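> I'm passing along query02.cif; it holds mmCIF, C-alpha atoms.
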data_my_file
loop_
_atom_site.label_atom_id
_atom_site.label_comp_id
_atom_site.auth_asym_id
_atom_site.auth_seq_id
_atom_site.Cartn_x
_atom_site.Cartn_y
_atom_site.Cartn_z
CA MET B 1 -6.13 26.47 14.37
CA LYS B 2 -3.60 24.25 16.11
CA GLU B 3 -5.09 25.12 19.50
CA ARG B 4 -8.52 24.10 18.21
CA TYR B 5 -7.18 20.71 17.15
CA LYS B 6 -5.57 20.25 20.56
CA PHE B 7 -8.85 21.07 22.25
CA LEU B 8 -10.77 18.62 20.05
CA LEU B 9 -8.20 15.91 20.77
CA ILE B 10 -8.45 16.46 24.53
CA LEU B 11 -12.27 16.55 24.30
CA SER B 12 -12.33 13.30 22.28
CA ILE B 13 -10.11 11.52 24.80
CA PHE B 14 -12.30 12.77 27.66
CA LEU B 15 -15.54 11.64 25.98
CA ALA B 16 -14.03 8.24 25.15
CA ALA B 17 -12.82 7.78 28.74
CA TYR B 18 -16.22 8.86 30.09
CA PHE B 19 -18.60 6.92 27.85
CA ILE B 20 -16.82 3.80 26.51
CA PRO B 21 -17.89 0.79 28.64
CA PHE B 22 -14.42 -0.62 29.27
CA ALA B 23 -15.85 -3.16 31.72
CA ASN B 24 -17.72 -4.83 28.87
CA VAL B 25 -16.01 -8.07 27.78
CA LYS B 26 -16.48 -7.31 24.06
CA ILE B 27 -14.84 -3.90 24.45
CA GLN B 28 -11.96 -5.44 26.40
CA THR B 29 -11.49 -8.10 23.70
CA ALA B 30 -11.57 -5.47 20.96
CA LEU B 31 -9.02 -3.32 22.79
CA MET B 32 -6.76 -6.34 23.27
CA GLU B 33 -7.03 -7.09 19.55
CA SER B 34 -6.02 -3.50 18.80
CA PHE B 35 -2.84 -3.76 20.87
CA LEU B 36 -2.06 -7.26 19.59
CA MET B 37 -2.50 -6.08 16.00
CA ILE B 38 -0.15 -3.14 16.60
CA GLN B 39 2.38 -5.49 18.19
CA GLU B 40 2.10 -7.95 15.31
CA TYR B 41 2.49 -5.13 12.82
CA ALA B 42 5.50 -3.69 14.66
CA ARG B 43 7.23 -7.08 14.86
CA GLU B 44 6.54 -8.29 11.34
CA HIS B 45 6.38 -5.21 9.14
CA VAL B 46 8.06 -2.10 10.54
CA LEU B 47 11.73 -3.12 10.59
CA LEU B 48 11.80 -5.20 7.41
CA CYS B 49 9.10 -3.47 5.33
CA LEU B 50 8.61 0.13 6.37
CA VAL B 51 12.14 1.10 7.40
CA PRO B 52 13.67 0.11 4.01
CA ALA B 53 10.72 1.79 2.28
CA PHE B 54 11.30 5.02 4.24
CA PHE B 55 14.97 5.02 3.22
CA ILE B 56 14.02 4.47 -0.42
CA ALA B 57 11.51 7.34 -0.20
CA GLY B 58 14.16 9.56 1.39
CA ALA B 59 16.56 8.65 -1.40
CA ILE B 60 13.94 9.53 -4.02
CA ALA B 61 13.53 12.94 -2.40
CA ASN B 62 17.28 13.62 -2.41
CA PHE B 63 18.98 11.72 -5.21
CA ILE B 64 16.41 11.72 -8.00
CA SER B 65 16.01 15.12 -9.57
CA GLN B 66 12.57 16.69 -9.52
CA GLY B 67 12.91 17.32 -13.24
CA ALA B 68 13.43 13.61 -13.92
CA VAL B 69 10.31 12.60 -11.94
CA ILE B 70 8.20 15.20 -13.73
CA LYS B 71 9.68 14.17 -17.08
CA TYR B 72 8.62 10.52 -16.71
CA PHE B 73 5.59 10.77 -14.37
CA GLY B 74 4.39 14.36 -14.60
CA ASN B 75 1.37 15.72 -16.47
CA LYS B 76 3.38 16.24 -19.66
CA ALA B 77 5.08 12.85 -19.55
CA ASN B 78 4.55 10.17 -22.17
CA LYS B 79 1.32 8.63 -20.90
CA VAL B 80 1.97 5.17 -22.32
CA LEU B 81 5.39 4.96 -20.65
CA ALA B 82 4.23 6.50 -17.35
CA TYR B 83 1.21 4.25 -16.89
CA SER B 84 3.00 1.16 -18.19
CA ILE B 85 5.71 1.49 -15.53
CA ALA B 86 3.28 2.45 -12.75
CA SER B 87 0.79 -0.34 -13.51
CA VAL B 88 3.31 -3.19 -13.16
CA SER B 89 5.42 -1.79 -10.31
CA GLY B 90 4.01 -4.35 -7.89
CA THR B 91 5.66 -7.21 -9.76
CA ILE B 92 9.00 -5.76 -8.68
CA LEU B 93 8.23 -4.34 -5.24
CA ALA B 94 5.88 -6.94 -3.70
CA VAL B 95 4.84 -4.57 -0.89
CA CYS B 96 1.67 -4.26 1.22
CA SER B 97 -0.79 -1.34 1.24
CA CYS B 98 1.18 0.40 4.01
CA THR B 99 4.74 -0.25 2.84
CA VAL B 100 3.95 1.38 -0.52
CA LEU B 101 2.93 4.65 1.20
CA PRO B 102 6.37 6.25 1.69
CA LEU B 103 7.29 5.32 -1.90
CA PHE B 104 4.07 6.88 -3.22
CA SER B 105 4.58 9.95 -1.03
CA GLY B 106 8.13 10.30 -2.33
CA ILE B 107 7.32 10.29 -6.04
CA TYR B 108 4.16 12.40 -5.62
CA LYS B 109 5.89 15.12 -3.63
CA ARG B 110 8.77 15.02 -6.09
CA GLY B 111 6.43 15.99 -8.92
CA ALA B 112 4.73 12.87 -10.27
CA GLY B 113 1.27 13.52 -11.71
CA ILE B 114 -1.74 12.34 -9.71
CA GLY B 115 -2.54 9.77 -12.42
CA PRO B 116 0.74 7.82 -12.53
CA ALA B 117 1.21 8.30 -8.77
CA THR B 118 -2.16 6.71 -7.90
CA ALA B 119 -1.64 3.98 -10.51
CA PHE B 120 1.60 3.19 -8.67
CA LEU B 121 -0.18 3.45 -5.29
CA TYR B 122 -2.72 0.83 -6.36
CA SER B 123 -0.45 -1.51 -8.30
CA GLY B 124 2.36 -1.62 -5.72
CA PRO B 125 0.49 -3.92 -3.30
CA ALA B 126 -2.06 -5.31 -5.78
CA ILE B 127 0.21 -6.97 -8.37
CA ASN B 128 2.37 -9.16 -6.15
CA VAL B 129 3.58 -12.07 -8.30
CA LEU B 130 3.79 -14.56 -5.43
CA ALA B 131 0.35 -13.54 -4.12
CA ILE B 132 -1.18 -14.07 -7.56
CA ILE B 133 0.50 -17.48 -7.91
CA LEU B 134 -0.69 -18.56 -4.46
CA THR B 135 -4.19 -17.26 -5.20
CA ALA B 136 -4.32 -19.45 -8.30
CA ARG B 137 -2.95 -22.50 -6.47
CA ILE B 138 -5.07 -22.22 -3.32
CA LEU B 139 -8.26 -20.43 -4.42
CA GLY B 140 -8.38 -21.57 -8.06
CA TRP B 141 -6.88 -20.47 -11.37
CA GLU B 142 -9.97 -18.38 -12.16
CA LEU B 143 -9.46 -16.12 -9.14
CA GLY B 144 -5.70 -15.98 -9.72
CA PHE B 145 -6.07 -14.95 -13.37
CA ALA B 146 -8.87 -12.47 -12.64
CA ARG B 147 -6.84 -10.93 -9.82
CA ALA B 148 -3.77 -10.40 -12.04
CA LEU B 149 -5.75 -9.03 -14.98
CA GLY B 150 -7.99 -6.89 -12.82
CA ALA B 151 -5.10 -5.38 -10.87
CA VAL B 152 -3.27 -4.18 -14.01
CA ILE B 153 -6.45 -2.82 -15.61
CA PHE B 154 -7.57 -1.22 -12.33
CA SER B 155 -4.31 0.65 -11.83
CA ILE B 156 -4.47 2.17 -15.31
CA ILE B 157 -8.17 3.10 -15.14
CA ILE B 158 -7.84 4.53 -11.63
CA GLY B 159 -4.78 6.54 -12.63
CA LEU B 160 -6.41 7.92 -15.78
CA SER B 161 -9.63 8.70 -13.87
CA MET B 162 -7.74 10.61 -11.19
CA HIS B 163 -5.84 12.49 -13.91
CA PHE B 164 -9.01 13.65 -15.69
CA ILE B 165 -11.04 14.35 -12.53
CA PHE B 166 -8.31 16.56 -11.06
CA TYR B 167 -6.93 17.87 -14.34
CA LYS B 168 -7.28 21.57 -13.46
CA GLU B 169 -5.70 21.18 -10.03
CA GLU B 170 -2.85 19.15 -11.46
CA LYS B 171 -2.33 21.72 -14.22
CA ASN B 172 -1.88 24.45 -11.60
CA ARG B 173 0.39 22.20 -9.53
CA ASN B 174 2.46 21.42 -12.61
CA ALA B 175 2.81 25.13 -13.43
CA ASN B 176 4.07 25.84 -9.92
CA GLN B 177 6.55 22.97 -10.17
CA ASN B 178 7.88 24.26 -13.47
CA LEU B 179 8.48 27.65 -11.87
CA ALA B 180 10.35 26.04 -8.98
CA ILE B 181 12.66 23.80 -11.03
CA PRO B 182 15.95 25.28 -12.18
CA GLU B 183 16.62 25.11 -15.91
CA GLU B 184 19.57 22.78 -15.47
CA GLU B 185 20.12 20.36 -12.63
CA LYS B 186 23.65 19.22 -12.06
CA GLU B 187 24.07 15.46 -11.81
CA LEU B 188 25.84 14.51 -8.58
CA ARG B 189 27.00 11.16 -9.99
CA PRO B 190 26.60 9.10 -13.18
CA LEU B 191 23.13 7.72 -13.89
CA TRP B 192 24.32 4.11 -13.68
CA LYS B 193 25.51 4.65 -10.10
CA THR B 194 22.15 6.12 -9.03
CA THR B 195 20.29 3.31 -10.77
CA PHE B 196 22.46 0.63 -9.16
CA TYR B 197 22.06 2.27 -5.75
CA PHE B 198 18.25 2.21 -5.99
CA ALA B 199 18.25 -1.34 -7.38
CA ILE B 200 20.24 -2.56 -4.37
CA MET B 201 17.81 -0.90 -1.92
CA VAL B 202 14.76 -2.34 -3.69
CA ALA B 203 16.43 -5.76 -3.70
CA ILE B 204 17.03 -5.48 0.07
CA LEU B 205 13.33 -4.67 0.56
CA ILE B 206 12.31 -7.67 -1.54
CA PHE B 207 14.63 -10.32 -0.11
CA ALA B 208 14.27 -9.21 3.52
CA ASN B 209 10.53 -9.86 3.17
CA TRP B 210 10.75 -13.06 1.11
CA THR B 211 8.14 -15.49 2.45
CA ARG B 212 8.25 -19.25 2.91
CA ASP B 213 6.40 -21.42 0.38
CA GLU B 214 7.44 -25.06 0.33
CA SER B 215 5.13 -25.83 -2.61
CA ILE B 216 7.32 -23.78 -4.97
CA LYS B 217 10.89 -25.12 -4.88
CA ILE B 218 12.68 -22.06 -6.24
CA TRP B 219 10.82 -19.77 -3.83
CA GLN B 220 11.69 -22.04 -0.90
CA ALA B 221 15.33 -22.25 -2.01
CA ILE B 222 15.58 -18.45 -2.06
CA TYR B 223 13.84 -18.26 1.32
CA ASN B 224 16.43 -20.60 2.84
CA ILE B 225 19.26 -18.21 1.90
CA LYS B 226 17.38 -14.89 2.02
CA TRP B 227 19.42 -13.54 4.95
CA VAL B 228 22.68 -14.39 3.18
CA ILE B 229 21.42 -12.46 0.13
CA THR B 230 20.12 -9.57 2.24
CA GLY B 231 23.36 -9.35 4.24
CA SER B 232 25.44 -9.35 1.06
CA LEU B 233 23.30 -6.59 -0.40
CA LEU B 234 23.68 -4.52 2.79
CA VAL B 235 27.48 -4.88 2.56
CA ILE B 236 27.37 -3.72 -1.08
CA LEU B 237 25.11 -0.79 -0.14
CA THR B 238 27.44 0.23 2.69
CA GLY B 239 30.41 0.24 0.29
CA MET B 240 28.48 2.33 -2.23
CA LEU B 241 27.49 4.87 0.43
CA TYR B 242 31.10 5.17 1.59
CA LYS B 243 32.59 5.50 -1.90
CA TRP B 244 29.97 7.45 -3.84
CA PHE B 245 28.25 9.77 -1.36
CA LYS B 246 29.36 12.78 0.65
CA LYS B 247 28.60 13.14 4.35
CA LYS B 248 26.30 16.09 3.65
CA GLU B 249 24.27 14.00 1.20
CA LEU B 250 23.93 11.15 3.69
CA LYS B 251 22.80 13.58 6.39
CA GLU B 252 20.16 15.06 4.07
CA TRP B 253 19.04 11.54 3.13
CA THR B 254 18.62 10.70 6.83
CA TYR B 255 16.61 13.87 7.46
CA SER B 256 14.31 13.13 4.50
CA THR B 257 13.80 9.56 5.69
CA TRP B 258 12.91 10.80 9.16
CA GLY B 259 10.51 13.32 7.61
CA PHE B 260 8.56 10.56 5.85
CA ALA B 261 8.54 8.45 9.02
CA LYS B 262 7.14 11.37 11.08
CA GLN B 263 4.45 12.03 8.50
CA ILE B 264 3.32 8.44 7.99
CA LEU B 265 3.87 6.37 11.15
CA PRO B 266 1.44 8.18 13.53
CA PHE B 267 -1.46 7.85 11.08
CA LEU B 268 -0.44 4.31 10.24
CA PHE B 269 -0.44 3.10 13.83
CA ALA B 270 -3.70 4.95 14.54
CA GLY B 271 -5.30 3.19 11.58
CA VAL B 272 -3.95 -0.21 12.65
CA PHE B 273 -5.35 0.36 16.16
CA VAL B 274 -8.83 1.24 14.87
CA ALA B 275 -8.82 -1.64 12.37
CA GLY B 276 -7.83 -4.05 15.15
CA PHE B 277 -10.54 -2.68 17.45
CA LEU B 278 -13.29 -3.08 14.86
CA LEU B 279 -12.25 -6.16 12.87
CA GLY B 280 -9.45 -7.86 14.79
CA ARG B 281 -6.60 -9.92 13.45
CA PRO B 282 -7.18 -12.75 10.93
CA GLY B 283 -8.93 -15.56 12.76
CA HIS B 284 -9.65 -13.42 15.84
CA GLN B 285 -12.93 -11.66 16.53
CA ALA B 286 -13.07 -8.05 17.72
CA LEU B 287 -16.04 -5.66 17.97
CA ILE B 288 -17.61 -6.66 14.63
CA PRO B 289 -18.32 -10.43 14.56
CA ALA B 290 -16.81 -12.31 11.62
CA GLN B 291 -20.13 -14.10 11.16
CA TRP B 292 -21.75 -10.84 10.15
CA ILE B 293 -19.32 -10.44 7.25
CA GLU B 294 -19.72 -14.07 6.21
CA LYS B 295 -23.52 -13.74 6.12
CA LEU B 296 -23.36 -10.51 4.16
CA VAL B 297 -21.05 -11.72 1.38
CA GLY B 298 -22.72 -14.96 0.34
CA GLY B 299 -24.03 -15.25 -3.22
CA ASN B 300 -23.28 -12.76 -5.98
CA SER B 301 -25.64 -9.85 -5.44
CA LEU B 302 -24.67 -6.21 -5.84
CA TRP B 303 -24.96 -5.84 -2.07
CA ALA B 304 -22.67 -8.83 -1.35
CA ASN B 305 -19.97 -7.55 -3.70
CA PHE B 306 -20.25 -4.02 -2.34
CA ILE B 307 -19.94 -5.23 1.27
CA ALA B 308 -16.92 -7.38 0.31
CA SER B 309 -15.27 -4.36 -1.31
CA ILE B 310 -15.94 -2.17 1.73
CA ALA B 311 -14.72 -4.84 4.15
CA GLY B 312 -11.57 -5.36 2.08
CA ALA B 313 -10.97 -1.61 1.87
CA LEU B 314 -11.17 -1.19 5.66
CA MET B 315 -9.22 -4.28 6.75
CA TYR B 316 -5.45 -4.36 6.81
CA PHE B 317 -3.85 -7.27 4.92
CA ALA B 318 -0.16 -7.94 5.34
CA THR B 319 1.31 -9.39 2.14
CA LEU B 320 -0.24 -12.83 1.38
CA THR B 321 -2.50 -12.88 4.47
CA GLU B 322 -5.57 -12.18 2.35
CA ILE B 323 -5.33 -15.68 0.84
CA PRO B 324 -5.89 -17.78 4.01
CA ILE B 325 -8.56 -15.29 5.15
CA LEU B 326 -10.44 -15.72 1.88
CA GLN B 327 -9.96 -19.46 2.00
CA GLY B 328 -11.81 -19.46 5.33
CA LEU B 329 -14.52 -17.10 4.08
CA LEU B 330 -15.10 -19.17 0.92
CA GLY B 331 -15.41 -22.26 3.09
CA ALA B 332 -18.01 -20.44 5.19
CA GLY B 333 -20.15 -19.66 2.15
CA MET B 334 -18.67 -16.53 0.60
CA GLY B 335 -19.39 -16.21 -3.12
CA LYS B 336 -16.62 -16.17 -5.73
CA GLY B 337 -17.65 -12.73 -6.95
CA PRO B 338 -17.35 -11.09 -3.52
CA ALA B 339 -14.06 -13.00 -3.06
CA LEU B 340 -12.59 -11.28 -6.13
CA ALA B 341 -14.04 -7.94 -5.02
CA LEU B 342 -12.24 -8.30 -1.69
CA LEU B 343 -9.01 -9.37 -3.45
CA LEU B 344 -9.07 -6.30 -5.68
CA ALA B 345 -9.97 -3.80 -2.94
CA GLY B 346 -8.25 -5.34 0.09
CA PRO B 347 -4.49 -5.48 -0.61
CA ALA B 348 -4.48 -1.98 -2.16
CA LEU B 349 -6.52 -0.26 0.57
CA SER B 350 -6.78 -0.35 4.34
CA LEU B 351 -7.88 2.03 7.06
CA PRO B 352 -4.26 2.92 7.93
CA ASN B 353 -3.55 3.41 4.22
CA MET B 354 -6.50 5.79 3.84
CA LEU B 355 -5.42 7.97 6.76
CA VAL B 356 -1.93 8.36 5.37
CA ILE B 357 -2.82 9.08 1.72
CA ARG B 358 -5.30 11.71 2.93
CA ASN B 359 -2.38 13.39 4.69
CA VAL B 360 -0.36 13.25 1.45
CA MET B 361 -2.83 14.29 -1.25
CA GLY B 362 -5.81 15.73 0.63
CA THR B 363 -9.31 14.61 1.58
CA LYS B 364 -11.03 15.11 -1.78
CA LYS B 365 -8.52 13.15 -3.85
CA THR B 366 -8.39 10.39 -1.25
CA LEU B 367 -12.18 9.99 -1.23
CA VAL B 368 -12.28 9.82 -5.02
CA TYR B 369 -9.47 7.24 -5.05
CA ILE B 370 -11.28 5.08 -2.47
CA PHE B 371 -14.57 5.46 -4.38
CA LEU B 372 -12.95 4.32 -7.64
CA VAL B 373 -11.35 1.27 -6.02
CA VAL B 374 -14.55 0.19 -4.23
CA VAL B 375 -16.89 0.72 -7.20
CA MET B 376 -14.61 -1.03 -9.69
CA ALA B 377 -14.01 -3.93 -7.29
CA THR B 378 -17.77 -4.26 -6.74
CA PHE B 379 -18.70 -4.50 -10.41
CA SER B 380 -15.69 -6.67 -11.27
CA GLY B 381 -16.82 -9.10 -8.57
CA MET B 382 -20.34 -9.19 -9.99
CA ILE B 383 -19.10 -9.91 -13.51
CA PHE B 384 -16.71 -12.60 -12.26
CA GLY B 385 -19.40 -14.20 -10.12
CA PHE B 386 -21.82 -14.26 -13.06
CA LEU B 387 -19.21 -16.02 -15.22
CA PHE B 388 -17.77 -18.52 -12.74
CA GLU B 389 -20.21 -18.99 -9.85
CA SER B 390 -21.27 -22.63 -9.86
#
Would you give me this structure, written as structure tokens?


Amino acid sequence: MKERYKFLLILSIFLAAYFIPFANVKIQTALMESFLMIQEYAREHVLLCLVPAFFIAGAIANFISQGAVIKYFGNKANKVLAYSIASVSGTILAVCSCTVLPLFSGIYKRGAGIGPATAFLYSGPAINVLAIILTARILGWELGFARALGAVIFSIIIGLSMHFIFYKEEKNRNANQNLAIPEEEKELRPLWKTTFYFAIMVAILIFANWTRDESIKIWQAIYNIKWVITGSLLVILTGMLYKWFKKKELKEWTYSTWGFAKQILPFLFAGVFVAGFLLGRPGHQALIPAQWIEKLVGGNSLWANFIASIAGALMYFATLTEIPILQGLLGAGMGKGPALALLLAGPALSLPNMLVIRNVMGTKKTLVYIFLVVVMATFSGMIFGFLFES
């Protein structure tokens, strides 16, 4: 099977090299956008977003017991508690659709049920407090409120839908997990130490990626000292690792982190490359002209909302970048309904995101997840447009 994949890869590269008209200016521009998008992503998101997220995911795999994950997020967990935590996780994490991937992979592989795991997968990038505030300030309170409300409701409905659609598969998976878990798991350290350790890592992820916003004084004040805060947290983390952890544990943590990086980064960069080739960076045109999207998403028809959802699902949005993009699209004639549809589908999905989650939970579950996000975003946009379109 592996040899077949190698052959198909070689054949694909040969066909691309033979048939793609690289001399065409549009193709050259699209290729340049692909490389520029990868460079932008590498410079702005890998070191500060993904690397901390990989370490958190590695820590989940090593220092949180499988029994604890299954207890709070598994199929037999208290549904109200599981979905309540998963649906508001984005208010704490403030991550993009790609940074959330190693965290999702960590809890899912550790035994979380498909429902709470996908609720977390959606809410992580969708319910960013700063993004919602900026949406309300720049695009209008109606879009800001609808985005916040829709994101919480979406995450719960999507999670519950995934749970019921794949109930039999998850039941079998849960039975296998129960067989694999020892009856008693010895705690390596007190719970408060583990909790504090994870809180420090999450805080590092948050403050290292704190964005500038001069219109909100407290946000700007934190931004001005974010590296002081981040550096202090790193010193605290280093002391905790030295005092509380054994060398063997740290080595296993490093191996787990590297495992997540190997699994996710190749698909992520491939997805970023394709997204850059087709759609380009914000404000830059690639193979698909921006005017086409603008013409297709005017008004509040079913088609316009569906196209906005699809476009949002395929494009990659770094945290907060969806707001200036939508500001430009609204100025060019985009309807308010399609704008909300893109806001609800875009931050939570992207082509790189789709490739990675398929590698984590399989093709069928990934397609159902994408379908749920796109359909719900489409109809939410239509309802919003009907209520608020002037």

> Ranking B:Arg212, B:Leu268, B:Ile200, B:Leu330 by minimum distance to Leu237 of chain B and counting all atoms listed in the file, which one comes first?

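When distances to Leu237 of chain B are compared using all atoms listed in the file, the smallest one comes from B:Ile200.
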
> Could you tell me, as a PyMOL selection string, which residues have any atom at most 6 Å from (-15.4, -5.6, 20.5), counting only C-alpha atoms?

chain B and resi 26-27+29-30+286-287

> Starting from the shown file, work through the PyMOL selection byres ((chain B and resi 242-248) around 12) and note down what comes out as an mmCIF file with C-alpha atoms, in the coordinates of the input.


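Result file expr-v3.cif:
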data_model
loop_
_atom_site.group_PDB
_atom_site.id
_atom_site.type_symbol
_atom_site.label_atom_id
_atom_site.label_comp_id
_atom_site.auth_asym_id
_atom_site.auth_seq_id
_atom_site.Cartn_x
_atom_site.Cartn_y
_atom_site.Cartn_z
ATOM 1 C CA ALA B 59 16.560 8.650 -1.400
ATOM 2 C CA ASN B 62 17.280 13.620 -2.410
ATOM 3 C CA PHE B 63 18.980 11.720 -5.210
ATOM 4 C CA LEU B 188 25.840 14.510 -8.580
ATOM 5 C CA ARG B 189 27.000 11.160 -9.990
ATOM 6 C CA PRO B 190 26.600 9.100 -13.180
ATOM 7 C CA TRP B 192 24.320 4.110 -13.680
ATOM 8 C CA LYS B 193 25.510 4.650 -10.100
ATOM 9 C CA THR B 194 22.150 6.120 -9.030
ATOM 10 C CA PHE B 196 22.460 0.630 -9.160
ATOM 11 C CA TYR B 197 22.060 2.270 -5.750
ATOM 12 C CA VAL B 235 27.480 -4.880 2.560
ATOM 13 C CA ILE B 236 27.370 -3.720 -1.080
ATOM 14 C CA LEU B 237 25.110 -0.790 -0.140
ATOM 15 C CA THR B 238 27.440 0.230 2.690
ATOM 16 C CA GLY B 239 30.410 0.240 0.290
ATOM 17 C CA MET B 240 28.480 2.330 -2.230
ATOM 18 C CA LEU B 241 27.490 4.870 0.430
ATOM 19 C CA GLU B 249 24.270 14.000 1.200
ATOM 20 C CA LEU B 250 23.930 11.150 3.690
ATOM 21 C CA LYS B 251 22.800 13.580 6.390
ATOM 22 C CA GLU B 252 20.160 15.060 4.070
ATOM 23 C CA TRP B 253 19.040 11.540 3.130
ATOM 24 C CA THR B 254 18.620 10.700 6.830
ATOM 25 C CA TYR B 255 16.610 13.870 7.460
#

> So which residues touch segment 160-175 of chain B within 10 Å, counting only C-alpha atoms, skipping near sequence neighbours fewer than 6 positions away, as a list in words?

Ile70, Gly74, Asn75, Lys76, Lys79, Tyr83, Gly111, Ala112, Gly113, Ile114, Gly115, Pro116, Ala117, Thr118, Ala119, Phe154, Lys364, Lys365, Thr366, Val368, Tyr369 and Leu372 of chain B

> When distances are computed from only C-alpha atoms, which of B:Gly385, B:Gly298, B:Gly276, B:Gly124 shows the smallest separation from Met32 of chain B?

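Under the stated criterion, the closest residue is B:Gly276.
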
> Could you give me, as an NGL selection string, the residues that sit within 12 Å of (-8.4, -3.9, -2.2) in the file's coordinates, counting all atoms listed in the file?

:B and (96-97 or 121-127 or 147 or 150-151 or 154-155 or 306 or 308-319 or 322 or 338-351 or 353-354 or 369-378 or 380-381)

> Under the rule that all atoms listed in the file are counted, which of B:Ile206, B:Ala275, B:Met382, B:Ala304 is the nearest residue to Leu355 of chain B?

B:Ala275

> Starting from the displayed file, determine the output of the PyMOL selection byres ((chain B and resi 84) around 10) and express the residue list as an MDAnalysis selection string.

chainID B and resid 78:83 85:89 116 119:120 152 155:156

> Care to translate the PyMOL selection byres ((chain B and resi 46) around 12) into actual residues of this file, as a compact mmCIF listing (two decimals) with C-alpha atoms, in the coordinates of the input?


# COMPACT_ATOMS: atom_id res chain seq x y z
CA ILE B 38 -0.15 -3.14 16.60
CA GLN B 39 2.38 -5.49 18.19
CA GLU B 40 2.10 -7.95 15.31
CA TYR B 41 2.49 -5.13 12.82
CA ALA B 42 5.50 -3.69 14.66
CA ARG B 43 7.23 -7.08 14.86
CA GLU B 44 6.54 -8.29 11.34
CA HIS B 45 6.38 -5.21 9.14
CA LEU B 47 11.73 -3.12 10.59
CA LEU B 48 11.80 -5.20 7.41
CA CYS B 49 9.10 -3.47 5.33
CA LEU B 50 8.61 0.13 6.37
CA VAL B 51 12.14 1.10 7.40
CA PRO B 52 13.67 0.11 4.01
CA ALA B 53 10.72 1.79 2.28
CA PHE B 54 11.30 5.02 4.24
CA CYS B 96 1.67 -4.26 1.22
CA CYS B 98 1.18 0.40 4.01
CA THR B 99 4.74 -0.25 2.84
CA LEU B 205 13.33 -4.67 0.56
CA ALA B 208 14.27 -9.21 3.52
CA ASN B 209 10.53 -9.86 3.17
CA ALA B 261 8.54 8.45 9.02
CA ILE B 264 3.32 8.44 7.99
CA LEU B 265 3.87 6.37 11.15
CA LEU B 268 -0.44 4.31 10.24
CA PHE B 269 -0.44 3.10 13.83
CA ALA B 318 -0.16 -7.94 5.34

> Would you compute the distance between atom CA of Ala148 of chain B and atom CA of Ile222 of chain B? Give it in Å to one decimal.

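About the pair atom CA of Ala148 of chain B and atom CA of Ile222 of chain B: they are 23.2 Å apart.
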
> As an exercise, work out the distance from atom CA of Val360 of chain B to atom CA of Ser105 of chain B in Å and give it to one decimal place.

6.4 Å

> Would you work out the distance separating atom CA of Val202 of chain B from atom CA of Phe104 of chain B, expressed in Å to one decimal?

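According to the coordinates, atom CA of Val202 of chain B and atom CA of Phe104 of chain B are separated by 14.1 Å.
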
> Choose the residue, out of B:Phe73, B:Phe198, B:Trp219, B:Phe19, that has the smallest atom-to-atom separation from Ile60 of chain B; count all atoms listed in the file.

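Result for the nearest residue to Ile60 of chain B: B:Phe198.
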